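What follows is one structure encoded as structure tokens, with my remarks underneath.
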Amino acid sequence: MSDIADRVRKIVVEHLNVEADKVTEKASFIDDLGADSLDQVELVMAFEEEFNVEIPDDAAESIQTFGDAVSFLEKAVN
Amino acid sequence: MTTLRRVVVTGLGIVSPMGADVEIAWRNILDGKSGAKRVDEFDVDDLACQIACRIPVGDGSNGTFNADDWMEPKEQRKVDPFIVYSMAAATQAIQSSGVPLDTDAQKERSGVLIGSGIGGIGGIYDASVTLHEKGPRRISPFFIPGRLINLAGGHVSIRFGLKGPNHAVVTACSTGAHAIGDAARLIALDDADVMVAGGTESPVNRLSLAGFAACRALSTGFNDRPTEASRPYDKGRDGFVMGEGAGVVVLEEYEHAKARGATIYGEVIGYGLSGDAHHITAPAEDGNGGYRCMQAALKRAGVSMADVDYINAHGTSTPLGDEIELGAVERLLGDAAANATMSSTKSATGHLLGAAGAIEAIFSLLAMRDNIAPPTLNLVDPSIETPIDLVPLKAREKEINIALSNSFGFGGTNASLVFRSVD
């Protein structure tokens, strides 16, 4: 498990108030973790802040699952 | 137009400096406790007013307020406290009323009308700083829905499935009274059978304290003696003390309440509204706005001021307002003033702005239930002579069958409610 994945999971757990073990690679923020569209916007903002990156709106829309977020951020940070 | 239907109060909920439980808050009011203290969670050293009446925060026992009891932490984070207070007071009111909200038909005949004077001013302040320091991309998607005044009622409607009228009031310090009065009319006119109504406010922050002090509305001479600052009708008064919290009642059509054997706290028999058309912050000096407002409420109630056993005054402890209201009440009473009883519970709670009219409606109903007039604290040296008993310092037992509650707001907006006990 990468350091990035741990940091992303921590943000998801805090923002969506879910158990860490529910945050699996394929877990969809909206379908599996109880987020609504506004939660998803806020999650992306939190990722931007944590990793000091800018996530454009079209990229943000492609981030639907925990795995999507981790792979996007791994690329963005490296 | 249909014939007006009777409207009664069947549920009460409160979050206040006196406690976040109706019976405990009422007991503290009758015991003469004050909610005022020095503000300690942000810097107040450079503010003219450094005190406020604060909600006792705790684990939820003994009347303390535990936000987690009323709203999930995840949801609290997205809203200003006035919405959390509204949820707490509304949940108490609905649960205590036992009103059924199960079927679609019940939900569609039940609505919400909760207002606030200034809504999410704390969150607007914080987001402004974020915008300035970090730019627009750092503004949360929850910034707007977490600050809008009608979301105080919006969250309540979502939680309890209230699908009837969904409305909100913004009339400064008259908000809570207007909300209850307007909601009662929606039931009287057959738009709903049940309304969850009241006001909520979370104004204690640096921006509000600075703003109200700039209007010269706040007490500034009692920073070292907070509990003595709110002193309606007393010579030493120098402004109001800000309070925070929410009051919410369940209003119900009389036959609807009777059929299910509900506890009835009282009937809303009168509601009056008026405008001063005078000044943005100062009341009209002749008290004409308040006078006509009370007169309209009494007319609707079909009673005279002499029939009113207890008046819960607006009485904010400002130099101008207290005597103007008192004069208007005296003129309505005429010779009956000698038998009248009027007090200001703001002496204990401070001024809850948009929530004031709602918590004071609750105290008026409890005064009727228990036949006791709550005291006006710190009234040791009245600034004016009056035949009216202003209930200085100690609660007084009195048979109370009809109670009137006044609320007057910035902009010259006035509301009076009249309640009668129901056997």
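Note on naming: chains are A, B, ... as they come in the structure tokens, residues start from 1 per chain, ligands start from 1 in the order shown.
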
Distance limit 8 Å, atoms considered: only C-alpha atoms. Which chain B residues sit that close to chain A? Return them as a PDB file with C-alpha atoms, in the first residue's frame.
ATOM      1  CA  LYS B  74     -20.119  14.619   8.964  1.00  0.00           C
ATOM      2  CA  ARG B 137     -11.024  27.070  -5.771  1.00  0.00           C
ATOM      3  CA  ARG B 138     -10.892  26.624  -2.000  1.00  0.00           C
ATOM      4  CA  SER B 140     -16.457  24.481  -0.337  1.00  0.00           C
ATOM      5  CA  PRO B 141     -19.467  23.209  -2.289  1.00  0.00           C
ATOM      6  CA  PHE B 142     -21.237  23.266   1.075  1.00  0.00           C
TER       7      PHE B 142
END

Quick one: everything within 10 Å of Ser304 (chain B), counting only C-alpha atoms, minus sequence neighbours fewer than 6 positions away in the same chain. Send it as a PDB file with C-alpha atoms, in the first residue's frame.
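New file around.pdb:
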ATOM      1  CA  MET B 294     -50.387  44.155  20.069  1.00  0.00           C
ATOM      2  CA  GLN B 295     -53.763  45.690  19.212  1.00  0.00           C
ATOM      3  CA  ALA B 297     -53.121  40.413  17.929  1.00  0.00           C
ATOM      4  CA  LEU B 298     -55.705  41.166  20.634  1.00  0.00           C
ATOM      5  CA  LEU B 332     -53.329  49.427  25.857  1.00  0.00           C
ATOM      6  CA  LEU B 333     -54.005  48.490  29.475  1.00  0.00           C
TER       7      LEU B 333
END

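Of the residues listed (B:Gly350, B:Gly243, B:Gly236, B:Gly181), B:Gly181 shows the shortest atom-to-atom separation from Val418 (chain B); distances use only C-alpha atoms.
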
Practice problem: Could you give me, as a PyMOL selection string, each residue of region 33-156 of chain B that DSSP assigns to helix (DSSP H, G or I) when run on this structure's backbone? | Solution: chain B and resi 61-63+67-69+73-76+81-97+104-108+121-134+136-138+151-156

Write the residues you've just listed into a file as a PDB file, in the first residue's frame, and include C-alpha atoms for each of them.
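Heads up, here's the output in selection-v6.pdb:
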ATOM      1  CA  SER B  61     -26.688  15.286  30.090  1.00  0.00           C
ATOM      2  CA  ASN B  62     -28.278  17.763  32.522  1.00  0.00           C
ATOM      3  CA  GLY B  63     -29.416  20.094  29.757  1.00  0.00           C
ATOM      4  CA  ALA B  67     -24.279  18.592  18.784  1.00  0.00           C
ATOM      5  CA  ASP B  68     -23.568  14.913  18.007  1.00  0.00           C
ATOM      6  CA  ASP B  69     -26.894  13.990  19.631  1.00  0.00           C
ATOM      7  CA  PRO B  73     -20.535  14.995  12.722  1.00  0.00           C
ATOM      8  CA  LYS B  74     -20.119  14.619   8.964  1.00  0.00           C
ATOM      9  CA  GLU B  75     -23.212  16.773   8.400  1.00  0.00           C
ATOM     10  CA  GLN B  76     -22.371  19.318  11.141  1.00  0.00           C
ATOM     11  CA  PRO B  81     -24.356  26.100  14.014  1.00  0.00           C
ATOM     12  CA  PHE B  82     -27.763  27.761  13.536  1.00  0.00           C
ATOM     13  CA  ILE B  83     -28.760  24.746  11.435  1.00  0.00           C
ATOM     14  CA  VAL B  84     -27.572  22.279  14.082  1.00  0.00           C
ATOM     15  CA  TYR B  85     -29.511  24.191  16.768  1.00  0.00           C
ATOM     16  CA  SER B  86     -32.593  24.124  14.557  1.00  0.00           C
ATOM     17  CA  MET B  87     -32.290  20.367  14.097  1.00  0.00           C
ATOM     18  CA  ALA B  88     -31.902  19.889  17.851  1.00  0.00           C
ATOM     19  CA  ALA B  89     -34.890  22.042  18.799  1.00  0.00           C
ATOM     20  CA  ALA B  90     -37.095  20.634  16.026  1.00  0.00           C
ATOM     21  CA  THR B  91     -36.230  17.042  16.920  1.00  0.00           C
ATOM     22  CA  GLN B  92     -37.119  17.692  20.568  1.00  0.00           C
ATOM     23  CA  ALA B  93     -40.379  19.377  19.578  1.00  0.00           C
ATOM     24  CA  ILE B  94     -41.458  16.642  17.165  1.00  0.00           C
ATOM     25  CA  GLN B  95     -40.516  13.826  19.546  1.00  0.00           C
ATOM     26  CA  SER B  96     -42.217  15.475  22.533  1.00  0.00           C
ATOM     27  CA  SER B  97     -45.384  16.072  20.510  1.00  0.00           C
ATOM     28  CA  ASP B 104     -47.491   9.947   2.844  1.00  0.00           C
ATOM     29  CA  ALA B 105     -50.797  11.612   3.693  1.00  0.00           C
ATOM     30  CA  GLN B 106     -49.489  12.688   7.131  1.00  0.00           C
ATOM     31  CA  LYS B 107     -46.223  13.959   5.683  1.00  0.00           C
ATOM     32  CA  GLU B 108     -47.918  15.933   2.937  1.00  0.00           C
ATOM     33  CA  ILE B 121     -22.827  34.863   9.254  1.00  0.00           C
ATOM     34  CA  GLY B 122     -19.975  32.949  10.914  1.00  0.00           C
ATOM     35  CA  GLY B 123     -19.486  30.713   7.894  1.00  0.00           C
ATOM     36  CA  ILE B 124     -19.739  33.654   5.493  1.00  0.00           C
ATOM     37  CA  TYR B 125     -17.009  35.392   7.460  1.00  0.00           C
ATOM     38  CA  ASP B 126     -14.759  32.311   7.368  1.00  0.00           C
ATOM     39  CA  ALA B 127     -15.331  31.695   3.649  1.00  0.00           C
ATOM     40  CA  SER B 128     -14.567  35.347   2.899  1.00  0.00           C
ATOM     41  CA  VAL B 129     -11.193  34.923   4.572  1.00  0.00           C
ATOM     42  CA  THR B 130     -10.578  31.709   2.595  1.00  0.00           C
ATOM     43  CA  LEU B 131     -11.500  33.451  -0.667  1.00  0.00           C
ATOM     44  CA  HIS B 132      -9.170  36.315   0.135  1.00  0.00           C
ATOM     45  CA  GLU B 133      -6.237  34.170   1.234  1.00  0.00           C
ATOM     46  CA  LYS B 134      -6.525  31.058  -0.969  1.00  0.00           C
ATOM     47  CA  PRO B 136     -12.087  30.699  -5.270  1.00  0.00           C
ATOM     48  CA  ARG B 137     -11.024  27.070  -5.771  1.00  0.00           C
ATOM     49  CA  ARG B 138     -10.892  26.624  -2.000  1.00  0.00           C
ATOM     50  CA  LEU B 151     -31.871  25.358   5.182  1.00  0.00           C
ATOM     51  CA  ALA B 152     -32.508  25.430   8.944  1.00  0.00           C
ATOM     52  CA  GLY B 153     -36.000  24.221   8.115  1.00  0.00           C
ATOM     53  CA  GLY B 154     -34.826  22.378   5.004  1.00  0.00           C
ATOM     54  CA  HIS B 155     -32.764  19.914   7.047  1.00  0.00           C
ATOM     55  CA  VAL B 156     -35.725  19.368   9.382  1.00  0.00           C
TER      56      VAL B 156
END

Quiz item: Within 8 Å of region 341-345 of chain B, counting only C-alpha atoms, which residues qualify if same-chain residues fewer than 6 places away don't, as a ChimeraX atom specification?
Solution: /B:29,232,309-316,360,373-377,388-392

Dump of C-alpha atoms for the selected residues, as a compact mmCIF listing (two decimals), in the first residue's frame:
# COMPACT_ATOMS: atom_id res chain seq x y z
CA ILE B 29 -35.26 30.67 34.07
CA PRO B 232 -34.29 45.42 31.19
CA ASP B 309 -52.47 37.57 32.51
CA TYR B 310 -48.82 37.59 31.49
CA ILE B 311 -46.83 39.56 28.92
CA ASN B 312 -43.43 38.30 27.82
CA ALA B 313 -41.84 41.57 26.77
CA HIS B 314 -39.46 42.16 23.92
CA GLY B 315 -37.48 44.05 26.61
CA THR B 316 -33.94 43.76 25.29
CA GLU B 360 -40.14 33.41 24.44
CA ALA B 373 -44.40 34.50 35.75
CA PRO B 374 -40.64 34.24 35.13
CA PRO B 375 -38.50 37.03 36.57
CA THR B 376 -36.76 40.06 35.08
CA LEU B 377 -33.22 39.67 36.41
CA ILE B 388 -47.23 47.12 35.88
CA ASP B 389 -45.49 44.36 37.85
CA LEU B 390 -42.23 43.80 35.96
CA VAL B 391 -41.48 40.73 38.15
CA PRO B 392 -38.11 41.97 39.37

Self-check item: Spatial neighbours of Phe29 (chain A), 7 Å, only C-alpha atoms, chain gap at least 3 places, as a list in words
Solution: Asp32, Leu33, Gly34, Ala35, Gln64 and Thr65 of chain A

Can you write out the residues you just picked, keeping N, CA and C atoms, as a PDB file, in the first residue's frame?
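Contents of part25.pdb, as written:
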ATOM      1  N   ASP A  32     -20.978   3.422  -3.201  1.00  0.00           N
ATOM      2  CA  ASP A  32     -20.615   2.532  -2.093  1.00  0.00           C
ATOM      3  C   ASP A  32     -20.327   3.269  -0.781  1.00  0.00           C
ATOM      4  N   LEU A  33     -19.950   4.533  -0.859  1.00  0.00           N
ATOM      5  CA  LEU A  33     -19.479   5.210   0.358  1.00  0.00           C
ATOM      6  C   LEU A  33     -20.396   6.351   0.794  1.00  0.00           C
ATOM      7  N   GLY A  34     -21.559   6.449   0.174  1.00  0.00           N
ATOM      8  CA  GLY A  34     -22.589   7.377   0.676  1.00  0.00           C
ATOM      9  C   GLY A  34     -22.378   8.842   0.334  1.00  0.00           C
ATOM     10  N   ALA A  35     -21.475   9.126  -0.610  1.00  0.00           N
ATOM     11  CA  ALA A  35     -21.259  10.534  -0.963  1.00  0.00           C
ATOM     12  C   ALA A  35     -22.355  11.017  -1.909  1.00  0.00           C
ATOM     13  N   GLN A  64     -14.089   8.512  -9.796  1.00  0.00           N
ATOM     14  CA  GLN A  64     -15.344   8.004  -9.237  1.00  0.00           C
ATOM     15  C   GLN A  64     -15.106   7.036  -8.071  1.00  0.00           C
ATOM     16  N   THR A  65     -13.937   6.388  -8.085  1.00  0.00           N
ATOM     17  CA  THR A  65     -13.660   5.389  -7.047  1.00  0.00           C
ATOM     18  C   THR A  65     -12.378   5.758  -6.298  1.00  0.00           C
TER      19      THR A  65
END

Self-check item: Close residues, Phe72 (chain A) itself excluded, 12 Å, only C-alpha atoms, min 6 positions apart in chain, as a ChimeraX atom specification
Solution: /A:4-5,8,44,47-48,51,53-56,59-66,78

Exercise. Have a look at CA of Thr171 (chain B) and CA of Ser157 (chain B) and let me know their distance in Å, one decimal.
Key: 21.3 Å

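Here CA of Ala179 (chain B) and CA of Ala355 (chain B) stand 9.8 Å from one another.
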
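Contact shell of Gly67 (chain A) at 8 Å (only C-alpha atoms; same-chain neighbours under 5 positions omitted): Thr24, Glu25, Lys26 and Ala27 of chain A.
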
Self-check item: Coordinates-based distance that separates CA of Asp80 (chain B) from CA of Ser202 (chain B) (Å, one decimal)
Solution: 7.6 Å
